[in-house]
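So this block is entry26.cif, mmCIF, C-alpha atoms; chains and numbers go by the auth columns:
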```cif
data_structure
#
loop_
_atom_site.group_PDB
_atom_site.id
_atom_site.type_symbol
_atom_site.label_atom_id
_atom_site.label_comp_id
_atom_site.label_asym_id
_atom_site.label_seq_id
_atom_site.Cartn_x
_atom_site.Cartn_y
_atom_site.Cartn_z
_atom_site.B_iso_or_equiv
_atom_site.auth_seq_id
_atom_site.auth_asym_id
ATOM 1 C CA MET A 1 -13.905 -33.827 49.579 0.00 251 Z
ATOM 2 C CA SER A 2 -16.140 -34.204 46.579 0.00 252 Z
ATOM 3 C CA ASP A 3 -17.751 -31.317 44.700 0.00 253 Z
ATOM 4 C CA GLN A 4 -21.116 -32.531 45.891 0.00 254 Z
ATOM 5 C CA GLU A 5 -20.296 -32.393 49.551 0.00 255 Z
ATOM 6 C CA ILE A 6 -22.057 -29.539 51.344 0.00 256 Z
ATOM 7 C CA LYS A 7 -19.663 -27.144 53.013 0.00 257 Z
ATOM 8 C CA GLN A 8 -20.561 -26.062 56.481 0.00 258 Z
ATOM 9 C CA VAL A 9 -19.732 -22.397 57.092 0.00 259 Z
ATOM 10 C CA TRP A 10 -20.273 -19.784 59.778 0.00 260 Z
ATOM 11 C CA ASP A 11 -22.576 -16.870 58.936 0.00 261 Z
ATOM 12 C CA VAL A 12 -21.242 -13.681 60.522 0.00 262 Z
ATOM 13 C CA GLY A 13 -24.697 -12.113 60.337 0.00 263 Z
ATOM 14 C CA LEU A 14 -23.794 -9.002 58.388 0.00 264 Z
ATOM 15 C CA SER A 15 -26.119 -7.540 55.812 0.00 265 Z
ATOM 16 C CA PRO A 16 -24.773 -7.023 52.268 0.00 266 Z
ATOM 17 C CA SER A 17 -24.561 -3.258 52.851 0.00 267 Z
ATOM 18 C CA GLU A 18 -22.675 -3.751 56.149 0.00 268 Z
ATOM 19 C CA SER A 19 -20.285 -6.147 54.426 0.00 269 Z
ATOM 20 C CA LYS A 20 -19.688 -3.609 51.657 0.00 270 Z
ATOM 21 C CA LEU A 21 -19.055 -0.816 54.151 0.00 271 Z
ATOM 22 C CA LEU A 22 -16.611 -2.974 56.109 0.00 272 Z
ATOM 23 C CA GLY A 23 -14.750 -3.761 52.889 0.00 273 Z
ATOM 24 C CA LEU A 24 -14.568 -0.052 52.046 0.00 274 Z
ATOM 25 C CA ILE A 25 -13.417 0.760 55.584 0.00 275 Z
ATOM 26 C CA VAL A 26 -10.640 -1.847 55.356 0.00 276 Z
ATOM 27 C CA ALA A 27 -9.605 -0.548 51.916 0.00 277 Z
ATOM 28 C CA HIS A 28 -9.555 3.080 53.048 0.00 278 Z
ATOM 29 C CA TRP A 29 -7.664 2.323 56.231 0.00 279 Z
ATOM 30 C CA GLY A 30 -5.089 0.372 54.233 0.00 280 Z
ATOM 31 C CA ALA A 31 -4.790 3.286 51.811 0.00 281 Z
ATOM 32 C CA ILE A 32 -4.228 5.669 54.730 0.00 282 Z
ATOM 33 C CA GLU A 33 -1.520 3.437 56.177 0.00 283 Z
ATOM 34 C CA GLY A 34 0.107 3.099 52.760 0.00 284 Z
ATOM 35 C CA GLU A 35 0.085 6.831 52.030 0.00 285 Z
ATOM 36 C CA VAL A 36 1.381 7.775 55.482 0.00 286 Z
ATOM 37 C CA PHE A 37 4.185 5.235 55.115 0.00 287 Z
ATOM 38 C CA GLN A 38 5.050 6.432 51.585 0.00 288 Z
ATOM 39 C CA GLN A 39 5.150 10.108 52.590 0.00 289 Z
ATOM 40 C CA ALA A 40 7.241 9.323 55.673 0.00 290 Z
ATOM 41 C CA LEU A 41 9.629 7.267 53.558 0.00 291 Z
ATOM 42 C CA GLU A 42 9.923 10.027 50.937 0.00 292 Z
ATOM 43 C CA SER A 43 10.805 12.497 53.715 0.00 293 Z
ATOM 44 C CA TYR A 44 14.209 10.782 53.928 0.00 294 Z
ATOM 45 C CA GLY A 45 14.998 11.807 50.357 0.00 295 Z
ATOM 46 C CA VAL A 46 16.449 9.570 47.677 0.00 296 Z
ATOM 47 C CA ASP A 47 19.983 9.084 49.044 0.00 297 Z
ATOM 48 C CA PHE A 48 19.550 6.834 52.050 0.00 298 Z
ATOM 49 C CA GLU A 49 20.222 3.240 52.900 0.00 299 Z
ATOM 50 C CA LEU A 50 17.274 1.187 54.091 0.00 300 Z
ATOM 51 C CA SER A 51 19.393 0.135 57.063 0.00 301 Z
ATOM 52 C CA GLU A 52 19.625 3.815 58.066 0.00 302 Z
ATOM 53 C CA LEU A 53 15.872 4.137 58.580 0.00 303 Z
ATOM 54 C CA PRO A 54 14.718 4.190 62.201 0.00 304 Z
ATOM 55 C CA LYS A 55 13.088 0.993 63.463 0.00 305 Z
ATOM 56 C CA GLU A 56 9.740 2.836 63.589 0.00 306 Z
ATOM 57 C CA MET A 57 9.756 2.645 59.785 0.00 307 Z
ATOM 58 C CA ASN A 58 9.788 -1.164 59.720 0.00 308 Z
ATOM 59 C CA ASN A 59 6.006 -0.820 59.300 0.00 309 Z
ATOM 60 C CA LEU A 60 5.218 -3.347 62.033 0.00 310 Z
ATOM 61 C CA SER A 61 3.340 -0.721 64.020 0.00 311 Z
ATOM 62 C CA PHE A 62 1.279 1.857 62.184 0.00 312 Z
ATOM 63 C CA SER A 63 1.206 4.038 65.313 0.00 313 Z
ATOM 64 C CA LYS A 64 4.988 4.364 65.141 0.00 314 Z
ATOM 65 C CA VAL A 65 4.993 5.133 61.410 0.00 315 Z
ATOM 66 C CA LEU A 66 2.281 7.707 62.088 0.00 316 Z
ATOM 67 C CA GLU A 67 4.559 9.438 64.620 0.00 317 Z
ATOM 68 C CA VAL A 68 7.387 9.564 62.067 0.00 318 Z
ATOM 69 C CA TRP A 69 4.920 11.069 59.577 0.00 319 Z
ATOM 70 C CA LYS A 70 3.921 13.710 62.134 0.00 320 Z
ATOM 71 C CA GLU A 71 7.533 14.588 62.961 0.00 321 Z
ATOM 72 C CA ARG A 72 8.900 14.598 59.424 0.00 322 Z
ATOM 73 C CA VAL A 73 6.044 15.298 57.004 0.00 323 Z
ATOM 74 C CA ILE A 74 3.582 17.432 58.941 0.00 324 Z
ATOM 75 C CA ALA A 75 6.302 19.437 60.680 0.00 325 Z
ATOM 76 C CA GLY A 76 7.917 20.247 57.317 0.00 326 Z
ATOM 77 C CA ALA A 77 4.714 21.122 55.447 0.00 327 Z
ATOM 78 C CA PRO A 78 3.761 24.681 54.457 0.00 328 Z
ATOM 79 C CA GLU A 79 1.752 26.327 57.246 0.00 329 Z
ATOM 80 C CA ALA A 80 -1.646 26.106 55.505 0.00 330 Z
ATOM 81 C CA ASP A 81 -1.085 22.424 54.706 0.00 331 Z
ATOM 82 C CA LYS A 82 0.245 21.768 58.199 0.00 332 Z
ATOM 83 C CA VAL A 83 -3.066 22.818 59.764 0.00 333 Z
ATOM 84 C CA VAL A 84 -5.007 20.372 57.575 0.00 334 Z
ATOM 85 C CA LEU A 85 -2.490 17.536 58.023 0.00 335 Z
ATOM 86 C CA LYS A 86 -2.472 17.943 61.824 0.00 336 Z
ATOM 87 C CA LYS A 87 -6.253 17.646 61.800 0.00 337 Z
ATOM 88 C CA GLN A 88 -6.019 14.430 59.756 0.00 338 Z
ATOM 89 C CA TYR A 89 -3.358 13.096 62.131 0.00 339 Z
ATOM 90 C CA GLU A 90 -5.679 13.703 65.096 0.00 340 Z
ATOM 91 C CA LYS A 91 -8.572 12.008 63.301 0.00 341 Z
ATOM 92 C CA ILE A 92 -6.432 8.972 62.461 0.00 342 Z
ATOM 93 C CA ARG A 93 -5.285 8.696 66.087 0.00 343 Z
ATOM 94 C CA CYS A 94 -8.872 9.050 67.272 0.00 344 Z
ATOM 95 C CA TYR A 95 -10.161 6.365 64.890 0.00 345 Z
ATOM 96 C CA GLN A 96 -7.475 3.734 65.543 0.00 346 Z
ATOM 97 C CA ASP A 97 -9.385 2.019 68.371 0.00 347 Z
ATOM 98 C CA TYR A 98 -12.614 2.228 66.387 0.00 348 Z
ATOM 99 C CA ARG A 99 -10.905 0.547 63.423 0.00 349 Z
ATOM 100 C CA ASN A 100 -9.285 -2.069 65.666 0.00 350 Z
ATOM 101 C CA SER A 101 -12.678 -2.917 67.159 0.00 351 Z
ATOM 102 C CA LEU A 102 -14.085 -3.560 63.697 0.00 352 Z
ATOM 103 C CA ILE A 103 -11.109 -5.514 62.396 0.00 353 Z
ATOM 104 C CA HIS A 104 -10.019 -7.449 65.480 0.00 354 Z
ATOM 105 C CA GLY A 105 -13.317 -7.735 67.339 0.00 355 Z
ATOM 106 C CA MET A 106 -15.707 -10.649 67.629 0.00 356 Z
ATOM 107 C CA TRP A 107 -19.110 -9.671 66.270 0.00 357 Z
ATOM 108 C CA ILE A 108 -22.081 -9.766 68.616 0.00 358 Z
ATOM 109 C CA PHE A 109 -25.706 -9.290 67.616 0.00 359 Z
ATOM 110 C CA ASP A 110 -28.913 -8.979 69.582 0.00 360 Z
ATOM 111 C CA ARG A 111 -32.160 -10.071 67.923 0.00 361 Z
ATOM 112 C CA ASN A 112 -34.020 -7.302 69.746 0.00 362 Z
ATOM 113 C CA THR A 113 -31.830 -4.583 68.201 0.00 363 Z
ATOM 114 C CA PRO A 114 -30.729 -5.903 64.801 0.00 364 Z
ATOM 115 C CA GLU A 115 -29.592 -2.448 63.671 0.00 365 Z
ATOM 116 C CA VAL A 116 -26.827 -2.444 66.315 0.00 366 Z
ATOM 117 C CA ILE A 117 -23.521 -4.299 65.902 0.00 367 Z
ATOM 118 C CA SER A 118 -21.260 -4.857 68.884 0.00 368 Z
ATOM 119 C CA THR A 119 -17.729 -6.181 69.008 0.00 369 Z
ATOM 120 C CA LEU A 120 -15.680 -7.697 71.774 0.00 370 Z
ATOM 121 C CA ARG A 121 -11.906 -8.057 71.768 0.00 371 Z
ATOM 122 C CA GLY A 122 -9.023 -8.538 74.094 0.00 372 Z
ATOM 123 C CA ARG A 123 -5.968 -6.315 74.393 0.00 373 Z
ATOM 124 C CA GLY A 124 -3.395 -7.258 76.950 0.00 374 Z
ATOM 125 C CA LYS A 125 -5.273 -7.807 80.190 0.00 375 Z
ATOM 126 C CA GLU A 126 -8.385 -5.878 79.203 0.00 376 Z
ATOM 127 C CA ILE A 127 -11.578 -6.738 77.355 0.00 377 Z
ATOM 128 C CA ILE A 128 -12.775 -4.003 75.023 0.00 378 Z
ATOM 129 C CA SER A 129 -16.308 -3.790 73.695 0.00 379 Z
ATOM 130 C CA ALA A 130 -17.602 -1.353 71.121 0.00 380 Z
ATOM 131 C CA VAL A 131 -21.116 -0.630 69.926 0.00 381 Z
ATOM 132 C CA PHE A 132 -21.858 0.524 66.388 0.00 382 Z
ATOM 133 C CA GLU A 133 -25.287 2.078 66.048 0.00 383 Z
ATOM 134 C CA GLU A 134 -27.116 2.245 62.744 0.00 384 Z
ATOM 135 C CA GLY A 135 -25.375 4.654 60.362 0.00 385 Z
ATOM 136 C CA GLN A 136 -22.015 4.652 62.147 0.00 386 Z
ATOM 137 C CA LEU A 137 -20.302 2.386 59.619 0.00 387 Z
ATOM 138 C CA GLN A 138 -21.371 4.737 56.799 0.00 388 Z
ATOM 139 C CA LYS A 139 -20.121 7.746 58.761 0.00 389 Z
ATOM 140 C CA PHE A 140 -16.797 6.032 59.508 0.00 390 Z
ATOM 141 C CA TYR A 141 -16.342 5.119 55.842 0.00 391 Z
ATOM 142 C CA SER A 142 -17.038 8.726 54.813 0.00 392 Z
ATOM 143 C CA GLU A 143 -14.560 10.045 57.382 0.00 393 Z
ATOM 144 C CA LEU A 144 -11.829 7.702 56.169 0.00 394 Z
ATOM 145 C CA ALA A 145 -12.472 8.659 52.535 0.00 395 Z
ATOM 146 C CA GLN A 146 -12.124 12.327 53.494 0.00 396 Z
ATOM 147 C CA ILE A 147 -8.920 11.684 55.475 0.00 397 Z
ATOM 148 C CA ASN A 148 -7.536 9.856 52.445 0.00 398 Z
ATOM 149 C CA LEU A 149 -8.158 12.885 50.259 0.00 399 Z
ATOM 150 C CA TYR A 150 -6.675 15.418 52.679 0.00 400 Z
ATOM 151 C CA ILE A 151 -3.486 13.518 53.516 0.00 401 Z
ATOM 152 C CA ARG A 152 -2.762 13.495 49.776 0.00 402 Z
ATOM 153 C CA TYR A 153 -4.178 16.920 48.916 0.00 403 Z
ATOM 154 C CA PRO A 154 -4.259 19.163 52.010 0.00 404 Z
ATOM 155 C CA ARG A 155 -5.784 21.994 49.964 0.00 405 Z
ATOM 156 C CA GLY A 156 -8.644 19.750 48.842 0.00 406 Z
ATOM 157 C CA MET A 157 -10.211 19.364 45.433 0.00 407 Z
ATOM 158 C CA GLU A 158 -8.677 22.580 44.131 0.00 408 Z
ATOM 159 C CA GLN A 159 -5.254 20.956 44.594 0.00 409 Z
ATOM 160 C CA VAL A 160 -6.504 17.776 42.902 0.00 410 Z
ATOM 161 C CA PHE A 161 -7.633 19.819 39.895 0.00 411 Z
ATOM 162 C CA GLU A 162 -4.332 21.738 39.807 0.00 412 Z
ATOM 163 C CA GLU A 163 -2.425 18.455 39.648 0.00 413 Z
ATOM 164 C CA GLN A 164 -4.707 17.100 36.940 0.00 414 Z
ATOM 165 C CA PHE A 165 -4.384 20.336 34.952 0.00 415 Z
ATOM 166 C CA LYS A 166 -0.578 20.043 35.061 0.00 416 Z
ATOM 167 C CA GLN A 167 -0.972 16.565 33.595 0.00 417 Z
ATOM 168 C CA GLY A 168 -3.056 17.926 30.718 0.00 418 Z
ATOM 169 C CA TYR A 169 -6.595 17.251 31.944 0.00 419 Z
ATOM 170 C CA TYR A 170 -9.328 19.780 31.208 0.00 420 Z
ATOM 171 C CA VAL A 171 -10.669 21.712 34.177 0.00 421 Z
ATOM 172 C CA ASN A 172 -13.999 23.522 34.042 0.00 422 Z
ATOM 173 C CA GLU A 173 -13.189 27.021 35.359 0.00 423 Z
ATOM 174 C CA ALA A 174 -16.858 27.745 36.104 0.00 424 Z
ATOM 175 C CA GLU A 175 -17.081 24.672 38.340 0.00 425 Z
ATOM 176 C CA ILE A 176 -13.892 25.681 40.170 0.00 426 Z
ATOM 177 C CA ARG A 177 -15.451 29.116 40.786 0.00 427 Z
ATOM 178 C CA ARG A 178 -18.647 27.544 42.166 0.00 428 Z
ATOM 179 C CA MET A 179 -16.594 25.214 44.345 0.00 429 Z
ATOM 180 C CA LYS A 180 -14.646 28.170 45.788 0.00 430 Z
ATOM 181 C CA LEU A 181 -17.907 30.021 46.474 0.00 431 Z
ATOM 182 C CA ARG A 182 -19.361 26.983 48.273 0.00 432 Z
ATOM 183 C CA LYS A 183 -16.185 26.700 50.321 0.00 433 Z
ATOM 184 C CA LYS A 184 -16.480 30.328 51.470 0.00 434 Z
ATOM 185 C CA GLY A 185 -20.176 30.083 52.188 0.00 435 Z
#
```

Structure translated into structure tokens:
Amino acid sequence: MSDQEIKQVWDVGLSPSESKLLGLIVAHWGAIEGEVFQQALESYGVDFELSELPKEMNNLSFSKVLEVWKERVIAGAPEADKVVLKKQYEKIRCYQDYRNSLIHGMWIFDRNTPEVISTLRGRGKEIISAVFEEGQLQKFYSELAQINLYIRYPRGMEQVFEEQFKQGYYVNEAEIRRMKLRKKG
């Protein structure tokens, strides 16, 4: 093929903002899977043989790794953290089909409702369709970003600042006070 030959390509019909949101959703979901796997792996300590890990930790099925995370990480967390982590676990479980529809679905558009994206996919012997109304991709992205924060820092931004302070970063005490007041109010 010469450089001057015109490539023929398929246009998936997404707007630039939809494409950006889908990229962010994929990145955040991958970060969630990575963090859940890492925390579950660390729950086995440092003295273990890889062959001793249960088959659920082979990372072929995120659902199975997620269950290990629930049993080993959430169950062993301090009570206040446990409440937050359980909530994130439930959100992740709830969003798995939504994510799968976006990632594994065939995109369908209707000229009469261009603000709506639909997907169609097969799973086993069933056909699954999903409809994404305007604003839902943004909301999903925001939810995943929040889950990503709370699975790492169950006590939120205060915990982030504490960790940064331990590493020598400056923390504005007045802003921490305002943040605590907003949290209470």

Between atom CA of Z:Ala395 and atom CA of Z:Asn308, distance in Å (one decimal):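 For atom CA of Z:Ala395 relative to atom CA of Z:Asn308, the distance reads 25.4 Å.
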
Nearest to Z:Asn309, chosen from Z:Asp297, Z:Glu283, Z:Asp331, Z:Asp261, with all atoms listed in the file counted in the distances: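 Smallest distance to Z:Asn309 is found for Z:Glu283.
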
For atom CA of Z:Gln258 and atom CA of Z:Val366, the interatomic separation in Å (one decimal):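 About the pair atom CA of Z:Gln258 and atom CA of Z:Val366: they are 26.3 Å apart.
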
From Z:Met356, Z:Ala325, Z:Val381, Z:Met307, residue lying nearest Z:Gln288 [only C-alpha atoms]: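 Checking each candidate against Z:Gln288, we get Z:Met307 as the closest.
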
For atom CA of Z:Asn398 and atom CA of Z:Glu306, the interatomic separation in Å (one decimal):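 One can read the atom CA of Z:Asn398 to atom CA of Z:Glu306 distance as 21.7 Å.
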
Counting only C-alpha atoms, the residue of Z:Leu316, Z:Ala380, Z:Leu335, Z:Ile282 that sits nearest Z:Tyr348: Z:Ala380

Expected selection from the PyMOL selection byres ((chain Z and resi 353) around 12), given as a PyMOL selection string: chain Z and resi 272-273+275-277+279-280+346-352+354-357+369-371+380

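Neighbours of Z:Asn422 closer than or equal to 12 Å, with all atoms listed in the file counted and sequence neighbours fewer than 4 positions away skipped, come out as Z:Glu408, Z:Phe411, Z:Glu412, Z:Gln414, Z:Phe415, Z:Ile426, Z:Arg427, Z:Arg428, Z:Met429.
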
Counting only C-alpha atoms, the residue of Z:Leu387, Z:Gly406, Z:Ala330, Z:Val323 that sits nearest Z:Glu285: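 Using only C-alpha atoms, the shortest distance to Z:Glu285 belongs to Z:Val323.
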